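Trainee: Sharing a structure with you now.
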Amino acid sequence: MKVNKAAIYEAADALSNWGRWGAEDQIGTLNHVAAEDIVAAAGLIRKGKVFALGLPLDQKLQSGLFGGRWNPIHTMLATGTDAVAGTQDETVRLRYADDAINLPLQCSTQWDALAHIFLDDKMYNGFDATLVDSNGAKKNGIEHTRNKMVGRGVLLDVARFKGQDALPDGYAITNADLDATAAAQGVEIRKGDFVIVRTGQQEACIKAGDWGTYAGGDAPGLAFETAYWIHQHDLAAICTDTWGCEVRPNETTEANQPWHWVVIPKIGITMGEIFFLKELAEDCAADKVYEFFFCAPPMHIPGGCGSPINPQAIK
């Protein structure tokens, strides 16, 4: 489909979930997950095998191409060297180590909150963008999802389906690609699913030992048309192994991240980015089981526009 400003606003109108779950709703498509879905997802645990999908917070993946984000800064406040030197004996009378971390909430594996992206002067469910100010988000903050990120996870390994270690930068994953991958894997996409799409791009960066322009540069990713696929399938959340989920360069020069313009503020879907998928993908390819119990609670950050996470896929 041709992507331009007109197509963005057409999709925004057609796919809007504003008011679907009430005027005060702040969790969007996570409403699709019912209690019985979580119980059924627990039944997918058959091997007791756990896959951590979060990158180490010492990864130096930020390139400075977007938003002034920086890599995590780990600072030691007290060390074993201090303890052995005896500097703690007369002060706190306890030998210990302590530390701190300084990081943007979206500098590694993370969720985008519904307060993260605006369409014009509104965010999800019609709330004013001005409700996100220097004190944080008064609506649609990440804290509203703190007990919602659990259910059936599905991996769509598009790169492996295409016979590639990694999709090339600029490859736009279409609705047909998603459907064909699901069919080849023998997995059904259901209402309330947490769908995770693998491009292989992150693994290529790790293998090369160079993040390059991973953060904000060219990348394979979801085509704009997949906003319709997401809405049609009533997904709970959508995640990828890339920095921004959607294809880059974008499919239009009239807007930056045009897919974001629709899926977060209008559909109301929480988006997961920078997921580490290598080990999970290898196991799914080996046992041909692409569904699993998924759990990825955000940190409880009132007013947060995102949150670092260490998602768990359990088979």
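Letters A, B, ... mark the chains of the structure tokens in the order given; residue numbers begin at 1 per chain; ligand numbers begin at 1, in order shown.
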Write out as a compact mmCIF listing (two decimals) with N, CA, C and O atoms, in the first residue's frame each polymer residue whose atoms come within 9 Å of Arg190 of chain A, counting only C-alpha atoms; drop sequence neighbours fewer than 4 positions from it.
Mentor:
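Result file is result_10.txt:
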# COMPACT_ATOMS: atom_id res chain seq x y z
N ARG A 152 -0.40 -15.85 26.49
CA ARG A 152 0.15 -16.73 25.46
C ARG A 152 1.09 -15.94 24.55
O ARG A 152 0.71 -14.94 23.95
N HIS A 233 -6.42 -9.09 14.30
CA HIS A 233 -6.19 -10.24 15.17
C HIS A 233 -6.38 -9.94 16.66
O HIS A 233 -6.28 -10.85 17.48
N ASP A 234 -6.67 -8.70 17.00
CA ASP A 234 -6.90 -8.33 18.40
C ASP A 234 -5.75 -8.79 19.30
O ASP A 234 -5.96 -9.41 20.35
N LEU A 235 -4.53 -8.46 18.89
CA LEU A 235 -3.37 -8.84 19.69
C LEU A 235 -3.33 -8.07 21.00
O LEU A 235 -3.84 -6.95 21.10
Trainee: Tell me which protein, DNA and RNA residues are within 7 Å of segment 310-313 of chain A, counting only C-alpha atoms, leaving out same-chain ones fewer than 2 positions away, and put them as a list in words.
Mentor: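 The neighbour list is Val50, Phe51, Ala52, Leu53, Gly54, Thr109, Phe292, Phe293, Phe294, Cys295, Ala296 and Lys315 of chain A.
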Trainee: What does the distance from atom CA of Glu188 of chain A to atom CA of Lys288 of chain A come to in Å, to one decimal?
Mentor: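 Computing the Euclidean distance for atom CA of Glu188 of chain A and atom CA of Lys288 of chain A yields 13.1 Å.
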Trainee: Out of segment 30-122 of chain A, which residues get alpha helix (DSSP H) from DSSP, as a list in words?
Mentor: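 Checking each residue of segment 30-122 of chain A, the alpha helix (DSSP H) ones are Ala35, Glu36, Asp37, Ile38, Val39, Ala40, Ala41, Ala42, Gly80, Thr81, Asp82, Ala83, Val84 and Ala85 of chain A.
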Trainee: Can you pull out every residue within 10 Å of Val132 of chain A, counting only C-alpha atoms, but drop anything in the same chain fewer than 5 positions away, and send it as a PyMOL selection string?
Mentor: chain A and resi 115-116+123+127+137-141+303-305
Trainee: For Ala166 of chain A, list every protein, DNA or RNA residue within 10 Å, evaluated using only C-alpha atoms, and leave out those in the same chain fewer than 5 positions away; present the list as an MDAnalysis selection string.
Mentor: chainID A and resid 158:160 198:205 220
Trainee: Find the residues near Val39 of chain A: any atom within 12 Å, counting only C-alpha atoms, skip ones fewer than 2 places away on the same chain, and give them as a list of chain:residue names.
Mentor: A:Val33, A:Ala34, A:Ala35, A:Glu36, A:Asp37, A:Ala41, A:Ala42, A:Gly43, A:Leu44, A:Ile45, A:Val150, A:Gly151, A:Arg152, A:Phe293, A:Phe294
Trainee: Fewer than 6 positions away in the same chain doesn't count, so skip those; otherwise give me all residues within 12 Å of Asn71 of chain A, counting only C-alpha atoms, as a PDB file with C-alpha atoms, in the first residue's frame.
Mentor:
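Output file result23.pdb follows:
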ATOM      1  CA  PRO A  56      22.243  -7.337  29.330  1.00  0.00           C
ATOM      2  CA  LEU A  57      22.085  -3.718  30.435  1.00  0.00           C
ATOM      3  CA  ASP A  58      25.776  -3.313  29.615  1.00  0.00           C
ATOM      4  CA  GLN A  59      25.132  -3.502  25.868  1.00  0.00           C
ATOM      5  CA  LYS A  60      26.416  -0.407  24.043  1.00  0.00           C
ATOM      6  CA  LEU A  61      23.708  -0.354  21.394  1.00  0.00           C
ATOM      7  CA  GLN A  62      22.738   3.327  21.404  1.00  0.00           C
ATOM      8  CA  SER A  63      24.114   5.203  18.410  1.00  0.00           C
ATOM      9  CA  GLY A  64      22.778   8.647  19.258  1.00  0.00           C
ATOM     10  CA  ILE A 101      22.288   2.471  37.500  1.00  0.00           C
ATOM     11  CA  ASN A 102      21.428   5.477  35.331  1.00  0.00           C
ATOM     12  CA  LEU A 103      19.546   4.767  32.125  1.00  0.00           C
ATOM     13  CA  PRO A 104      16.796   6.001  29.811  1.00  0.00           C
ATOM     14  CA  LEU A 105      13.728   3.823  30.251  1.00  0.00           C
ATOM     15  CA  GLN A 106      13.943   2.801  26.594  1.00  0.00           C
ATOM     16  CA  CYS A 107      17.644   2.139  26.197  1.00  0.00           C
ATOM     17  CA  SER A 108      17.455  -1.666  25.964  1.00  0.00           C
ATOM     18  CA  THR A 109      14.822  -4.417  25.920  1.00  0.00           C
ATOM     19  CA  ALA A 215      19.416   2.314  17.284  1.00  0.00           C
TER      20      ALA A 215
END
Trainee: If you count only C-alpha atoms, which residues fall within 9 Å of segment 250-255 of chain A, apart from same-chain ones fewer than 2 positions away, as a list in words?
Mentor: Lys2, Val3, Asn4, Lys5, Ile8, Gly170, Ala172, Asp218, Ala223, Phe224, Glu246, Val247, Arg248, Gln257, Pro258, Trp259 and Trp261 of chain A
Trainee: Quick one, how far is atom CA of Ala286 of chain A from atom CA of Lys207 of chain A?
Mentor: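 Atom-to-atom, atom CA of Ala286 of chain A and atom CA of Lys207 of chain A are spaced 21.0 Å apart.
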Trainee: Return the single residue from A:Gln110, A:Gly212, A:Cys245, A:Met149 that is closest to Ile173 of chain A, with distances computed using only C-alpha atoms.
Mentor: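 Nearest candidate to Ile173 of chain A out of A:Gln110, A:Gly212, A:Cys245, A:Met149: A:Cys245.
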Trainee: With only C-alpha atoms as the atoms that count, which of A:Tyr214, A:Phe161, A:Phe194, A:Tyr124 lies nearest to Leu15 of chain A?
Mentor: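 Of the candidates, the smallest distance to Leu15 of chain A is held by A:Tyr124.
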Trainee: Which is closest to Asp157 of chain A among A:Ile38, A:Leu119, A:Ala184, A:Leu131, if we use only C-alpha atoms?
Mentor: A:Ala184
